[in-house]
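Raw input.cif, mmCIF, C-alpha atoms:
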data_query
#
loop_
_atom_site.group_PDB
_atom_site.id
_atom_site.type_symbol
_atom_site.label_atom_id
_atom_site.label_comp_id
_atom_site.auth_asym_id
_atom_site.auth_seq_id
_atom_site.Cartn_x
_atom_site.Cartn_y
_atom_site.Cartn_z
ATOM 1 C CA MET A 14 -202.475 203.906 109.760
ATOM 2 C CA HIS A 15 -200.078 202.466 107.181
ATOM 3 C CA PHE A 16 -199.879 198.954 105.789
ATOM 4 C CA ILE A 17 -197.452 196.237 104.778
ATOM 5 C CA SER A 18 -198.330 195.526 101.157
ATOM 6 C CA ASN A 19 -195.638 192.998 100.327
ATOM 7 C CA SER A 20 -193.038 190.948 102.179
ATOM 8 C CA ILE A 21 -190.260 188.561 101.235
ATOM 9 C CA VAL A 22 -187.952 186.221 103.116
ATOM 10 C CA ILE A 23 -184.826 184.659 101.585
ATOM 11 C CA ARG A 24 -182.891 182.033 103.528
ATOM 12 C CA GLN A 25 -181.315 178.611 102.938
ATOM 13 C CA ALA A 26 -181.846 178.661 99.170
ATOM 14 C CA THR A 27 -185.565 179.362 99.503
ATOM 15 C CA VAL A 28 -187.662 182.424 98.826
ATOM 16 C CA SER A 29 -191.131 183.069 100.209
ATOM 17 C CA VAL A 30 -193.317 186.009 99.267
ATOM 18 C CA ASN A 31 -196.127 187.106 101.588
ATOM 19 C CA GLY A 32 -195.629 183.844 103.490
ATOM 20 C CA ALA A 33 -196.117 181.609 100.439
ATOM 21 C CA PRO A 34 -193.340 179.576 98.735
ATOM 22 C CA TYR A 35 -191.964 181.490 95.727
ATOM 23 C CA PHE A 36 -188.700 179.813 94.714
ATOM 24 C CA LYS A 37 -186.551 176.933 95.905
ATOM 25 C CA GLY A 38 -183.008 176.657 94.663
ATOM 26 C CA GLN A 39 -180.403 173.921 94.880
ATOM 27 C CA PRO A 40 -178.598 173.708 98.228
ATOM 28 C CA SER A 41 -175.309 175.408 97.397
ATOM 29 C CA GLU A 42 -173.064 178.303 98.304
ATOM 30 C CA PHE A 43 -174.878 181.653 98.319
ATOM 31 C CA LYS A 44 -173.022 182.811 95.205
ATOM 32 C CA ASP A 45 -174.436 179.891 93.191
ATOM 33 C CA PHE A 46 -177.916 180.243 94.671
ATOM 34 C CA ALA A 47 -177.873 183.969 93.897
ATOM 35 C CA LYS A 48 -177.018 183.239 90.258
ATOM 36 C CA GLU A 49 -179.786 180.623 90.086
ATOM 37 C CA LEU A 50 -182.370 183.043 91.484
ATOM 38 C CA TYR A 51 -181.105 185.889 89.269
ATOM 39 C CA GLN A 52 -181.564 183.705 86.188
ATOM 40 C CA HIS A 53 -184.956 182.497 87.406
ATOM 41 C CA LEU A 54 -186.114 186.114 87.682
ATOM 42 C CA GLY A 55 -185.085 186.707 84.059
ATOM 43 C CA ILE A 56 -183.124 189.838 84.910
ATOM 44 C CA THR A 57 -180.567 191.327 82.520
ATOM 45 C CA TYR A 58 -178.262 193.440 84.634
ATOM 46 C CA PRO A 59 -174.613 192.343 84.106
ATOM 47 C CA LYS A 60 -173.447 194.550 86.992
ATOM 48 C CA PHE A 61 -175.115 192.001 89.294
ATOM 49 C CA TYR A 62 -172.165 189.629 88.894
ATOM 50 C CA LYS A 63 -169.746 192.267 90.147
ATOM 51 C CA MET A 64 -171.598 192.891 93.409
ATOM 52 C CA ASP A 65 -170.492 191.348 96.679
ATOM 53 C CA ASN A 66 -172.755 188.787 98.354
ATOM 54 C CA LEU A 67 -174.459 191.295 100.676
ATOM 55 C CA CYS A 68 -175.400 193.513 97.728
ATOM 56 C CA LYS A 69 -176.587 190.523 95.693
ATOM 57 C CA LEU A 70 -178.845 189.495 98.569
ATOM 58 C CA ALA A 71 -180.311 192.996 98.977
ATOM 59 C CA PHE A 72 -180.608 193.368 95.196
ATOM 60 C CA LEU A 73 -182.537 190.093 94.757
ATOM 61 C CA ALA A 74 -184.880 190.740 97.684
ATOM 62 C CA SER A 75 -185.580 194.281 96.447
ATOM 63 C CA GLU A 76 -186.047 193.062 92.895
ATOM 64 C CA ILE A 77 -188.872 190.735 93.910
ATOM 65 C CA VAL A 78 -190.610 193.208 96.231
ATOM 66 C CA LEU A 79 -190.326 196.133 93.811
ATOM 67 C CA LYS A 80 -191.174 194.099 90.693
ATOM 68 C CA ASP A 81 -194.509 195.799 90.043
ATOM 69 C CA GLN A 82 -193.717 199.170 91.597
ATOM 70 C CA ASP A 83 -193.237 202.324 89.556
ATOM 71 C CA GLY A 84 -190.174 203.196 91.619
ATOM 72 C CA GLU A 85 -191.351 206.673 92.451
ATOM 73 C CA ASP A 86 -190.558 207.982 95.937
ATOM 74 C CA ILE A 87 -189.684 204.681 97.583
ATOM 75 C CA ALA A 88 -187.410 205.173 100.594
ATOM 76 C CA LEU A 89 -184.980 202.460 101.706
ATOM 77 C CA ILE A 90 -184.242 201.481 105.310
ATOM 78 C CA PHE A 91 -181.928 198.497 105.514
ATOM 79 C CA SER A 92 -180.491 197.078 108.686
ATOM 80 C CA SER A 93 -177.971 194.443 109.682
ATOM 81 C CA LYS A 94 -175.854 193.235 112.574
ATOM 82 C CA GLU A 95 -172.812 192.254 110.526
ATOM 83 C CA GLY A 96 -172.814 195.053 107.932
ATOM 84 C CA SER A 97 -170.198 194.280 105.284
ATOM 85 C CA LEU A 98 -168.115 192.011 107.544
ATOM 86 C CA ASP A 99 -168.311 189.164 104.995
ATOM 87 C CA THR A 100 -166.501 191.298 102.402
ATOM 88 C CA ASP A 101 -164.251 192.947 105.012
ATOM 89 C CA ILE A 102 -162.874 189.476 105.826
ATOM 90 C CA GLN A 103 -162.167 188.832 102.140
ATOM 91 C CA HIS A 104 -160.435 192.207 101.858
ATOM 92 C CA GLN A 105 -158.314 191.455 104.900
ATOM 93 C CA GLY A 106 -157.336 188.155 103.259
ATOM 94 C CA HIS A 107 -156.084 190.087 100.228
ATOM 95 C CA ILE A 108 -153.962 192.571 102.154
ATOM 96 C CA GLN A 109 -152.568 190.662 105.129
ATOM 97 C CA ASP A 110 -149.814 188.950 103.135
ATOM 98 C CA GLU A 111 -146.901 191.415 103.076
ATOM 99 C CA ASN A 112 -145.210 189.564 100.216
ATOM 100 C CA SER A 113 -148.286 189.461 98.043
ATOM 101 C CA PHE A 114 -150.118 192.695 98.786
ATOM 102 C CA TYR A 115 -152.846 192.981 96.171
ATOM 103 C CA PRO A 116 -155.968 194.715 97.504
ATOM 104 C CA SER A 117 -158.708 193.995 94.980
ATOM 105 C CA PRO A 118 -160.726 197.068 93.921
ATOM 106 C CA ALA A 119 -163.706 194.810 93.204
ATOM 107 C CA THR A 120 -163.622 193.741 96.848
ATOM 108 C CA PHE A 121 -162.749 196.899 98.716
ATOM 109 C CA VAL A 122 -165.385 199.071 97.043
ATOM 110 C CA TYR A 123 -167.950 196.880 98.827
ATOM 111 C CA THR A 124 -166.528 197.247 102.326
ATOM 112 C CA LEU A 125 -169.304 199.638 103.309
ATOM 113 C CA PRO A 126 -172.784 198.245 103.990
ATOM 114 C CA ASN A 127 -174.605 201.237 102.557
ATOM 115 C CA ILE A 128 -173.265 200.316 99.111
ATOM 116 C CA CYS A 129 -176.337 198.007 99.127
ATOM 117 C CA ILE A 130 -178.546 201.061 99.230
ATOM 118 C CA GLY A 131 -176.627 202.525 96.298
ATOM 119 C CA GLU A 132 -176.918 199.394 94.182
ATOM 120 C CA VAL A 133 -180.687 199.096 94.770
ATOM 121 C CA SER A 134 -181.182 202.832 94.216
ATOM 122 C CA ILE A 135 -179.288 202.756 90.902
ATOM 123 C CA ARG A 136 -181.204 199.704 89.729
ATOM 124 C CA HIS A 137 -184.633 201.205 90.527
ATOM 125 C CA GLN A 138 -183.705 204.868 89.970
ATOM 126 C CA LEU A 139 -184.644 205.769 93.553
ATOM 127 C CA LYS A 140 -183.766 209.300 94.635
ATOM 128 C CA THR A 141 -185.311 209.256 98.075
ATOM 129 C CA GLU A 142 -184.444 208.971 101.754
ATOM 130 C CA SER A 143 -182.268 206.021 102.688
ATOM 131 C CA MET A 144 -180.457 204.575 105.673
ATOM 132 C CA PHE A 145 -178.429 201.481 106.478
ATOM 133 C CA LEU A 146 -178.663 200.917 110.203
ATOM 134 C CA LEU A 147 -176.178 198.707 112.046
ATOM 135 C CA ALA A 148 -177.664 197.193 115.184
ATOM 136 C CA GLU A 149 -177.529 194.032 117.286
ATOM 137 C CA ALA A 150 -181.127 193.254 116.346
ATOM 138 C CA TYR A 151 -183.840 194.741 114.146
ATOM 139 C CA GLN A 152 -185.018 197.957 115.775
ATOM 140 C CA THR A 153 -188.688 197.311 115.087
ATOM 141 C CA ALA A 154 -190.262 200.206 116.973
ATOM 142 C CA TYR A 155 -187.708 202.768 115.739
ATOM 143 C CA ILE A 156 -187.949 201.658 112.107
ATOM 144 C CA GLN A 157 -191.752 201.496 112.275
ATOM 145 C CA ALA A 158 -191.909 205.070 113.572
ATOM 146 C CA TYR A 159 -189.324 206.291 111.029
ATOM 147 C CA SER A 160 -191.187 204.641 108.126
ATOM 148 C CA ASP A 161 -194.499 206.131 109.250
ATOM 149 C CA PHE A 162 -192.855 209.556 109.532
ATOM 150 C CA LEU A 163 -191.389 209.346 106.009
ATOM 151 C CA ILE A 164 -194.800 208.569 104.500
ATOM 152 C CA GLU A 165 -196.767 210.936 106.727
ATOM 153 C CA SER A 166 -194.430 213.861 106.051
ATOM 154 C CA GLY A 167 -194.566 213.256 102.311
ATOM 155 C CA LYS A 168 -190.843 212.498 102.049
ATOM 156 C CA ALA A 169 -191.725 209.121 100.540
ATOM 157 C CA LYS A 170 -194.804 207.382 99.196
ATOM 158 C CA LYS A 171 -193.549 203.952 100.229
ATOM 159 C CA VAL A 172 -190.742 202.580 102.375
ATOM 160 C CA LEU A 173 -188.850 199.363 101.714
ATOM 161 C CA CYS A 174 -187.560 198.029 105.035
ATOM 162 C CA GLY A 175 -185.122 195.155 105.228
ATOM 163 C CA TRP A 176 -183.091 193.097 107.683
ATOM 164 C CA LEU A 177 -180.004 191.462 106.174
ATOM 165 C CA ARG A 178 -177.535 188.874 107.375
ATOM 166 C CA MET A 179 -174.582 187.794 105.259
ATOM 167 C CA LEU A 180 -171.602 186.117 106.829
ATOM 168 C CA LYS A 181 -169.717 183.134 105.421
ATOM 169 C CA ASP A 182 -172.707 181.764 103.525
ATOM 170 C CA ASP A 183 -175.066 182.199 106.462
ATOM 171 C CA TYR A 184 -177.622 184.513 104.909
ATOM 172 C CA VAL A 185 -181.070 185.957 105.518
ATOM 173 C CA ALA A 186 -183.055 188.757 103.899
ATOM 174 C CA GLN A 187 -186.397 189.801 105.409
ATOM 175 C CA PHE A 188 -187.916 192.704 103.503
ATOM 176 C CA TYR A 189 -191.315 194.369 103.572
ATOM 177 C CA LEU A 190 -192.892 197.328 101.814
ATOM 178 C CA VAL A 191 -194.835 199.915 103.798
ATOM 179 C CA GLU A 192 -197.397 202.128 102.130
ATOM 180 C CA LYS A 193 -200.796 203.740 102.575
ATOM 181 C CA GLN A 194 -202.690 200.742 101.241
ATOM 182 C CA GLY A 195 -202.458 197.040 101.917
ATOM 183 C CA ASN A 196 -203.888 194.114 103.829
ATOM 184 C CA ILE A 197 -201.570 193.914 106.839
ATOM 185 C CA ALA A 198 -201.459 196.725 109.375
ATOM 186 C CA HIS A 199 -198.009 198.265 109.831
ATOM 187 C CA GLN A 200 -197.770 197.266 113.482
ATOM 188 C CA ILE A 201 -194.975 195.815 115.577
ATOM 189 C CA ASN A 202 -196.569 192.372 115.955
ATOM 190 C CA ASN A 203 -197.038 192.040 112.168
ATOM 191 C CA ILE A 204 -193.467 193.186 111.448
ATOM 192 C CA GLU A 205 -192.154 190.671 113.962
ATOM 193 C CA GLN A 206 -194.132 187.908 112.275
ATOM 194 C CA ILE A 207 -192.216 188.597 109.050
ATOM 195 C CA LEU A 208 -188.913 188.751 110.933
ATOM 196 C CA ASN A 209 -189.618 185.446 112.686
ATOM 197 C CA LYS A 210 -190.252 183.535 109.452
ATOM 198 C CA MET B 19 -148.754 185.421 71.353
ATOM 199 C CA ALA B 20 -152.066 183.671 70.621
ATOM 200 C CA GLU B 21 -151.635 181.673 73.820
ATOM 201 C CA LEU B 22 -151.008 184.860 75.830
ATOM 202 C CA LYS B 23 -154.117 186.481 74.341
ATOM 203 C CA ASP B 24 -156.285 183.518 75.363
ATOM 204 C CA LEU B 25 -154.764 183.543 78.849
ATOM 205 C CA LEU B 26 -155.449 187.282 79.198
ATOM 206 C CA LYS B 27 -159.058 186.785 78.100
ATOM 207 C CA GLN B 28 -159.473 184.003 80.648
ATOM 208 C CA GLN B 29 -157.912 186.109 83.409
ATOM 209 C CA ILE B 30 -160.078 189.127 82.549
ATOM 210 C CA ILE B 31 -163.251 187.009 82.650
ATOM 211 C CA GLU B 32 -162.238 185.520 85.990
ATOM 212 C CA VAL B 33 -161.031 188.658 87.745
ATOM 213 C CA LEU B 34 -163.910 190.857 86.514
ATOM 214 C CA ASN B 35 -166.668 188.257 87.139
ATOM 215 C CA LEU B 36 -167.864 188.358 83.529
ATOM 216 C CA GLU B 37 -170.035 185.302 84.175
ATOM 217 C CA ASP B 38 -171.865 185.161 80.854
ATOM 218 C CA ILE B 39 -168.820 185.670 78.643
ATOM 219 C CA GLN B 40 -166.601 182.942 77.190
ATOM 220 C CA VAL B 41 -163.027 183.318 75.919
ATOM 221 C CA THR B 42 -164.351 182.787 72.392
ATOM 222 C CA ASP B 43 -166.762 185.721 72.800
ATOM 223 C CA ILE B 44 -163.901 188.226 73.057
ATOM 224 C CA GLN B 45 -162.299 189.136 69.756
ATOM 225 C CA ASP B 46 -158.692 190.362 69.760
ATOM 226 C CA GLU B 47 -159.705 193.740 68.310
ATOM 227 C CA ASP B 48 -162.824 194.265 70.495
ATOM 228 C CA ALA B 49 -162.860 197.397 72.649
ATOM 229 C CA LEU B 50 -162.548 196.416 76.305
ATOM 230 C CA PHE B 51 -164.187 199.607 77.590
ATOM 231 C CA GLY B 52 -167.142 201.645 76.365
ATOM 232 C CA ASP B 53 -169.154 199.882 73.701
ATOM 233 C CA GLY B 54 -167.096 196.700 73.815
ATOM 234 C CA LEU B 55 -167.032 194.639 76.983
ATOM 235 C CA GLY B 56 -168.450 197.630 78.856
ATOM 236 C CA LEU B 57 -165.786 197.670 81.546
ATOM 237 C CA ASP B 58 -165.729 200.566 84.026
ATOM 238 C CA SER B 59 -163.178 202.455 86.140
ATOM 239 C CA ILE B 60 -163.145 199.816 88.908
ATOM 240 C CA ASP B 61 -162.450 197.188 86.252
ATOM 241 C CA ALA B 62 -159.518 199.315 85.046
ATOM 242 C CA LEU B 63 -158.059 199.269 88.566
ATOM 243 C CA GLU B 64 -158.591 195.519 88.689
ATOM 244 C CA LEU B 65 -156.677 195.141 85.394
ATOM 245 C CA ILE B 66 -153.784 197.189 86.820
ATOM 246 C CA VAL B 67 -153.678 194.784 89.804
ATOM 247 C CA LEU B 68 -153.785 191.847 87.372
ATOM 248 C CA LEU B 69 -150.777 193.154 85.424
ATOM 249 C CA ASP B 70 -148.775 193.588 88.637
ATOM 250 C CA LYS B 71 -149.792 190.279 90.210
ATOM 251 C CA GLU B 72 -149.512 187.993 87.186
ATOM 252 C CA TYR B 73 -146.884 189.686 85.039
ATOM 253 C CA GLY B 74 -144.851 191.859 87.419
ATOM 254 C CA ILE B 75 -145.792 195.019 85.529
ATOM 255 C CA LYS B 76 -146.377 198.185 87.538
ATOM 256 C CA LEU B 77 -148.125 200.955 85.624
ATOM 257 C CA SER B 78 -146.339 204.138 86.716
ATOM 258 C CA ASP B 79 -148.811 206.388 84.909
ATOM 259 C CA PRO B 80 -152.475 205.262 85.081
ATOM 260 C CA LYS B 81 -153.136 207.400 81.978
ATOM 261 C CA GLU B 82 -151.147 204.820 80.014
ATOM 262 C CA GLY B 83 -154.045 202.424 80.669
ATOM 263 C CA LYS B 84 -156.197 204.106 78.045
ATOM 264 C CA GLU B 85 -153.974 202.853 75.217
ATOM 265 C CA ILE B 86 -152.855 199.612 76.893
ATOM 266 C CA PHE B 87 -156.384 198.445 77.720
ATOM 267 C CA LYS B 88 -157.806 199.394 74.314
ATOM 268 C CA SER B 89 -158.106 195.769 73.186
ATOM 269 C CA ILE B 90 -156.684 192.310 73.806
ATOM 270 C CA ASN B 91 -154.178 192.982 70.990
ATOM 271 C CA THR B 92 -152.792 196.129 72.654
ATOM 272 C CA LEU B 93 -152.809 194.522 76.094
ATOM 273 C CA ALA B 94 -151.014 191.369 74.939
ATOM 274 C CA ASP B 95 -148.454 193.435 73.050
ATOM 275 C CA PHE B 96 -147.742 195.542 76.150
ATOM 276 C CA VAL B 97 -147.477 192.483 78.424
ATOM 277 C CA GLU B 98 -145.132 190.719 75.982
ATOM 278 C CA LYS B 99 -142.770 193.718 75.923
ATOM 279 C CA ASN B 100 -142.831 194.597 79.626
ATOM 280 C CA ARG B 101 -143.408 191.442 81.664
ATOM 281 C CA SER B 102 -140.915 190.505 84.363
ATOM 282 C CA LYS B 103 -142.513 187.151 85.157
#

As structure tokens - that is how I would like this structure written.
Amino acid sequence: MHFISNSIVIRQATVSVNGAPYFKGQPSEFKDFAKELYQHLGITYPKFYKMDNLCKLAFLASEIVLKDQDGEDIALIFSSKEGSLDTDIQHQGHIQDENSFYPSPATFVYTLPNICIGEVSIRHQLKTESMFLLAEAYQTAYIQAYSDFLIESGKAKKVLCGWLRMLKDDYVAQFYLVEKQGNIAHQINNIEQILNK
Amino acid sequence: MAELKDLLKQQIIEVLNLEDIQVTDIQDEDALFGDGLGLDSIDALELIVLLDKEYGIKLSDPKEGKEIFKSINTLADFVEKNRSK
């Protein structure tokens, strides 16, 4: 049996950790809220400002969950319905004008959702298993079994699982850390409780 | 020339999302890459797009960028001599 040791939900300019209020920002566009939360966390990582919104969301959620972790052997399993569609739309906006064709490198490097995994891995020096799964809805049973397998087989000591939504300022991040110790059993009903918050 | 240098600094800050940096923080002789502003290869591509979009300058040889993007002084000098708009 494995456990959920930590969980976080970010939506509508609010952050809750393990079900308790953690941070409330000003109602604003995600970009401004992200900056507010970044500054609140006291992080110094200038590359943050260059990330697209999806990466910023994953970065901030991971930052809070992994705050007190040593970073060793933590696998990442992120999942989303929209993937990088938010940035894809921006990129399309840059290239659809034939008379002013200026694809922005800062935009098109983020038109892959698994760049999130890369950004979080670089930040926390993670060299473990990772996956960004695109699906209509969170594949609870599949991800539960995969996380358990990663820990049981010794491929990872912990697994950070996350559901992300980022599309035109409609955003949600629901992350939880699975490991061998904790208070909440790593079971479908408990995962769904986090996803329903 | 001083006006062009300030405009370039402003455009660099905007296009590269250098949120914590003000125009006054960038000195004309400061290195833009490496130990200076710490720009990377993606930023270099973004600067090439900036030159094309704002000044009508197409860099035919990306290797030229190394000298052109050395500092605001070298960049402004290059723009002044090669701009078509």

Counting only C-alpha atoms, closest pick from A:Asn66, A:Phe16, A:Ser117, A:Ile23 relative to Lys71 of chain B is A:Ser117

Care to translate the PyMOL selection byres ((chain A) within 10 of (chain B)) into actual residues of this file, as an mmCIF file with C-alpha atoms, in the frame of the given file?
data_model
loop_
_atom_site.group_PDB
_atom_site.id
_atom_site.type_symbol
_atom_site.label_atom_id
_atom_site.label_comp_id
_atom_site.auth_asym_id
_atom_site.auth_seq_id
_atom_site.Cartn_x
_atom_site.Cartn_y
_atom_site.Cartn_z
ATOM 1 C CA LYS A 48 -177.018 183.239 90.258
ATOM 2 C CA PRO A 59 -174.613 192.343 84.106
ATOM 3 C CA LYS A 60 -173.447 194.550 86.992
ATOM 4 C CA PHE A 61 -175.115 192.001 89.294
ATOM 5 C CA TYR A 62 -172.165 189.629 88.894
ATOM 6 C CA LYS A 63 -169.746 192.267 90.147
ATOM 7 C CA MET A 64 -171.598 192.891 93.409
ATOM 8 C CA SER A 113 -148.286 189.461 98.043
ATOM 9 C CA PHE A 114 -150.118 192.695 98.786
ATOM 10 C CA TYR A 115 -152.846 192.981 96.171
ATOM 11 C CA PRO A 116 -155.968 194.715 97.504
ATOM 12 C CA SER A 117 -158.708 193.995 94.980
ATOM 13 C CA PRO A 118 -160.726 197.068 93.921
ATOM 14 C CA ALA A 119 -163.706 194.810 93.204
ATOM 15 C CA THR A 120 -163.622 193.741 96.848
ATOM 16 C CA VAL A 122 -165.385 199.071 97.043
#

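Among A:Asp99, A:Asp83, A:Glu49, A:Asp65, the residue with the shortest atom-to-atom distance to Lys37 of chain A, counting only C-alpha atoms, is A:Glu49.
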
**Q.** Polymer residues at most 8 Å from segment 19-26 of chain B, all atoms listed in the file, same-chain spacing of 4 or more positions, as number ranges by chain
**A.** B: 30, 41, 46, 90-91, 94, 98

- Item | Selection result for the PyMOL selection byres ((chain A and resi 143) around 6) on this file, as a ChimeraX atom specification | /A:88-90,142,144

Residues as selected, C-alpha atoms, written as a short mmCIF file (atom, residue, chain, number, x, y, z; two decimals), keeping the file's coordinate frame, can you do that?
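Output (out-v3.cif):
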data_model
loop_
_atom_site.label_atom_id
_atom_site.label_comp_id
_atom_site.auth_asym_id
_atom_site.auth_seq_id
_atom_site.Cartn_x
_atom_site.Cartn_y
_atom_site.Cartn_z
CA ALA A 88 -187.41 205.17 100.59
CA LEU A 89 -184.98 202.46 101.71
CA ILE A 90 -184.24 201.48 105.31
CA GLU A 142 -184.44 208.97 101.75
CA MET A 144 -180.46 204.58 105.67
#

Quick one: axis-aligned box around all listed atoms of segment 59-70 of chain B, 3 Å on every side, centre and edge lengths in Å to one decimal, written as lines of an AutoDock Vina configuration file.
center_x = -156.0
center_y = 197.2
center_z = 87.4
size_x = 20.4
size_y = 16.6
size_z = 10.8

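Near Ile207 of chain A, within 10 Å and counting all atoms listed in the file, sit Ser20, Ile21, Val22, Asn31, Gly32, Gln187, Phe188, Tyr189 and Asn202 of chain A; same-chain residues fewer than 5 positions away were not included.
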
Selection file, C-alpha atoms, as a compact mmCIF listing (two decimals), in the coordinates of the input:
# COMPACT_ATOMS: atom_id res chain seq x y z
CA SER A 20 -193.04 190.95 102.18
CA ILE A 21 -190.26 188.56 101.24
CA VAL A 22 -187.95 186.22 103.12
CA ASN A 31 -196.13 187.11 101.59
CA GLY A 32 -195.63 183.84 103.49
CA GLN A 187 -186.40 189.80 105.41
CA PHE A 188 -187.92 192.70 103.50
CA TYR A 189 -191.32 194.37 103.57
CA ASN A 202 -196.57 192.37 115.96

Practice task
List the residues selected by the PyMOL selection byres ((chain B and resi 103) around 7) in the file shown, writing them as an MDAnalysis selection string.
Solution key: chainID B and resid 73:74 101:102

Grab the residues selected above and save them as a PDB file, in the frame of the given file with C-alpha atoms.
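Printed below is again.pdb as written:
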ATOM      1  CA  TYR B  73    -146.884 189.686  85.039  1.00  0.00           C
ATOM      2  CA  GLY B  74    -144.851 191.859  87.419  1.00  0.00           C
ATOM      3  CA  ARG B 101    -143.408 191.442  81.664  1.00  0.00           C
ATOM      4  CA  SER B 102    -140.915 190.505  84.363  1.00  0.00           C
TER       5      SER B 102
END

Mind checking which residues fall within 9 Å of Phe43 of chain A, counting all atoms listed in the file, ignoring those fewer than 6 positions away in the same chain, and posting them as a ChimeraX atom specification?
/A:25-26,66,70,181-184

message = List as a PyMOL selection string the residues having at least one atom at most 12 Å from position (-189.7, 205.6, 111.4) as given in the file, counting only C-alpha atoms.
response = chain A and resi 15+88-90+142-144+152-166+168-169+171-174+191+199-201

Taken to one decimal, the atom CA of Thr57 of chain A-atom CA of Leu50 of chain B distance is 19.7 Å

10 Å contact set for Tyr51 of chain A, only C-alpha atoms, chain neighbours under 4 positions out, as number ranges by chain: A: 45-47, 55-58, 61-62, 69, 72-73, 76

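Our summary of the geometry notes that atom CA of Gly106 of chain A is positioned 22.8 Å from atom CA of Ser41 of chain A.
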
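Of the residues listed (B:Ile31, B:Ala49, B:Leu55, B:Ile39), B:Ala49 shows the shortest atom-to-atom separation from Ile86 of chain B; distances use all atoms listed in the file.
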
Hey, could you patch up segment 54-69 of chain B with N, CA and C atoms and hand it over as a CSV table (one decimal), keeping the file's coordinate frame?
chain,number,residue,atom,x,y,z
B,54,GLY,N,-167.5,198.1,73.9
B,54,GLY,CA,-167.1,196.7,73.8
B,54,GLY,C,-167.6,195.9,75.0
B,55,LEU,N,-166.6,195.5,75.8
B,55,LEU,CA,-167.0,194.6,77.0
B,55,LEU,C,-167.8,195.5,78.1
B,56,GLY,N,-167.7,196.8,77.9
B,56,GLY,CA,-168.4,197.6,78.9
B,56,GLY,C,-167.8,197.7,80.2
B,57,LEU,N,-166.5,197.6,80.3
B,57,LEU,CA,-165.8,197.7,81.5
B,57,LEU,C,-165.8,199.1,82.1
B,58,ASP,N,-165.7,199.2,83.4
B,58,ASP,CA,-165.7,200.6,84.0
B,58,ASP,C,-164.4,200.9,84.8
B,59,SER,N,-164.4,202.0,85.5
B,59,SER,CA,-163.2,202.5,86.1
B,59,SER,C,-162.7,201.5,87.2
B,60,ILE,N,-163.6,200.8,87.9
B,60,ILE,CA,-163.1,199.8,88.9
B,60,ILE,C,-162.5,198.6,88.2
B,61,ASP,N,-163.0,198.3,87.0
B,61,ASP,CA,-162.4,197.2,86.3
B,61,ASP,C,-161.0,197.6,85.8
B,62,ALA,N,-160.8,198.9,85.5
B,62,ALA,CA,-159.5,199.3,85.0
B,62,ALA,C,-158.5,199.1,86.2
B,63,LEU,N,-158.9,199.5,87.4
B,63,LEU,CA,-158.1,199.3,88.6
B,63,LEU,C,-157.8,197.8,88.8
B,64,GLU,N,-158.8,197.0,88.5
B,64,GLU,CA,-158.6,195.5,88.7
B,64,GLU,C,-157.6,195.0,87.6
B,65,LEU,N,-157.6,195.6,86.4
B,65,LEU,CA,-156.7,195.1,85.4
B,65,LEU,C,-155.2,195.6,85.8
B,66,ILE,N,-155.1,196.7,86.4
B,66,ILE,CA,-153.8,197.2,86.8
B,66,ILE,C,-153.2,196.2,87.9
B,67,VAL,N,-154.1,195.8,88.8
B,67,VAL,CA,-153.7,194.8,89.8
B,67,VAL,C,-153.3,193.5,89.1
B,68,LEU,N,-154.1,193.1,88.1
B,68,LEU,CA,-153.8,191.8,87.4
B,68,LEU,C,-152.4,191.9,86.7
B,69,LEU,N,-152.1,193.0,86.1
B,69,LEU,CA,-150.8,193.2,85.4
B,69,LEU,C,-149.6,193.0,86.4
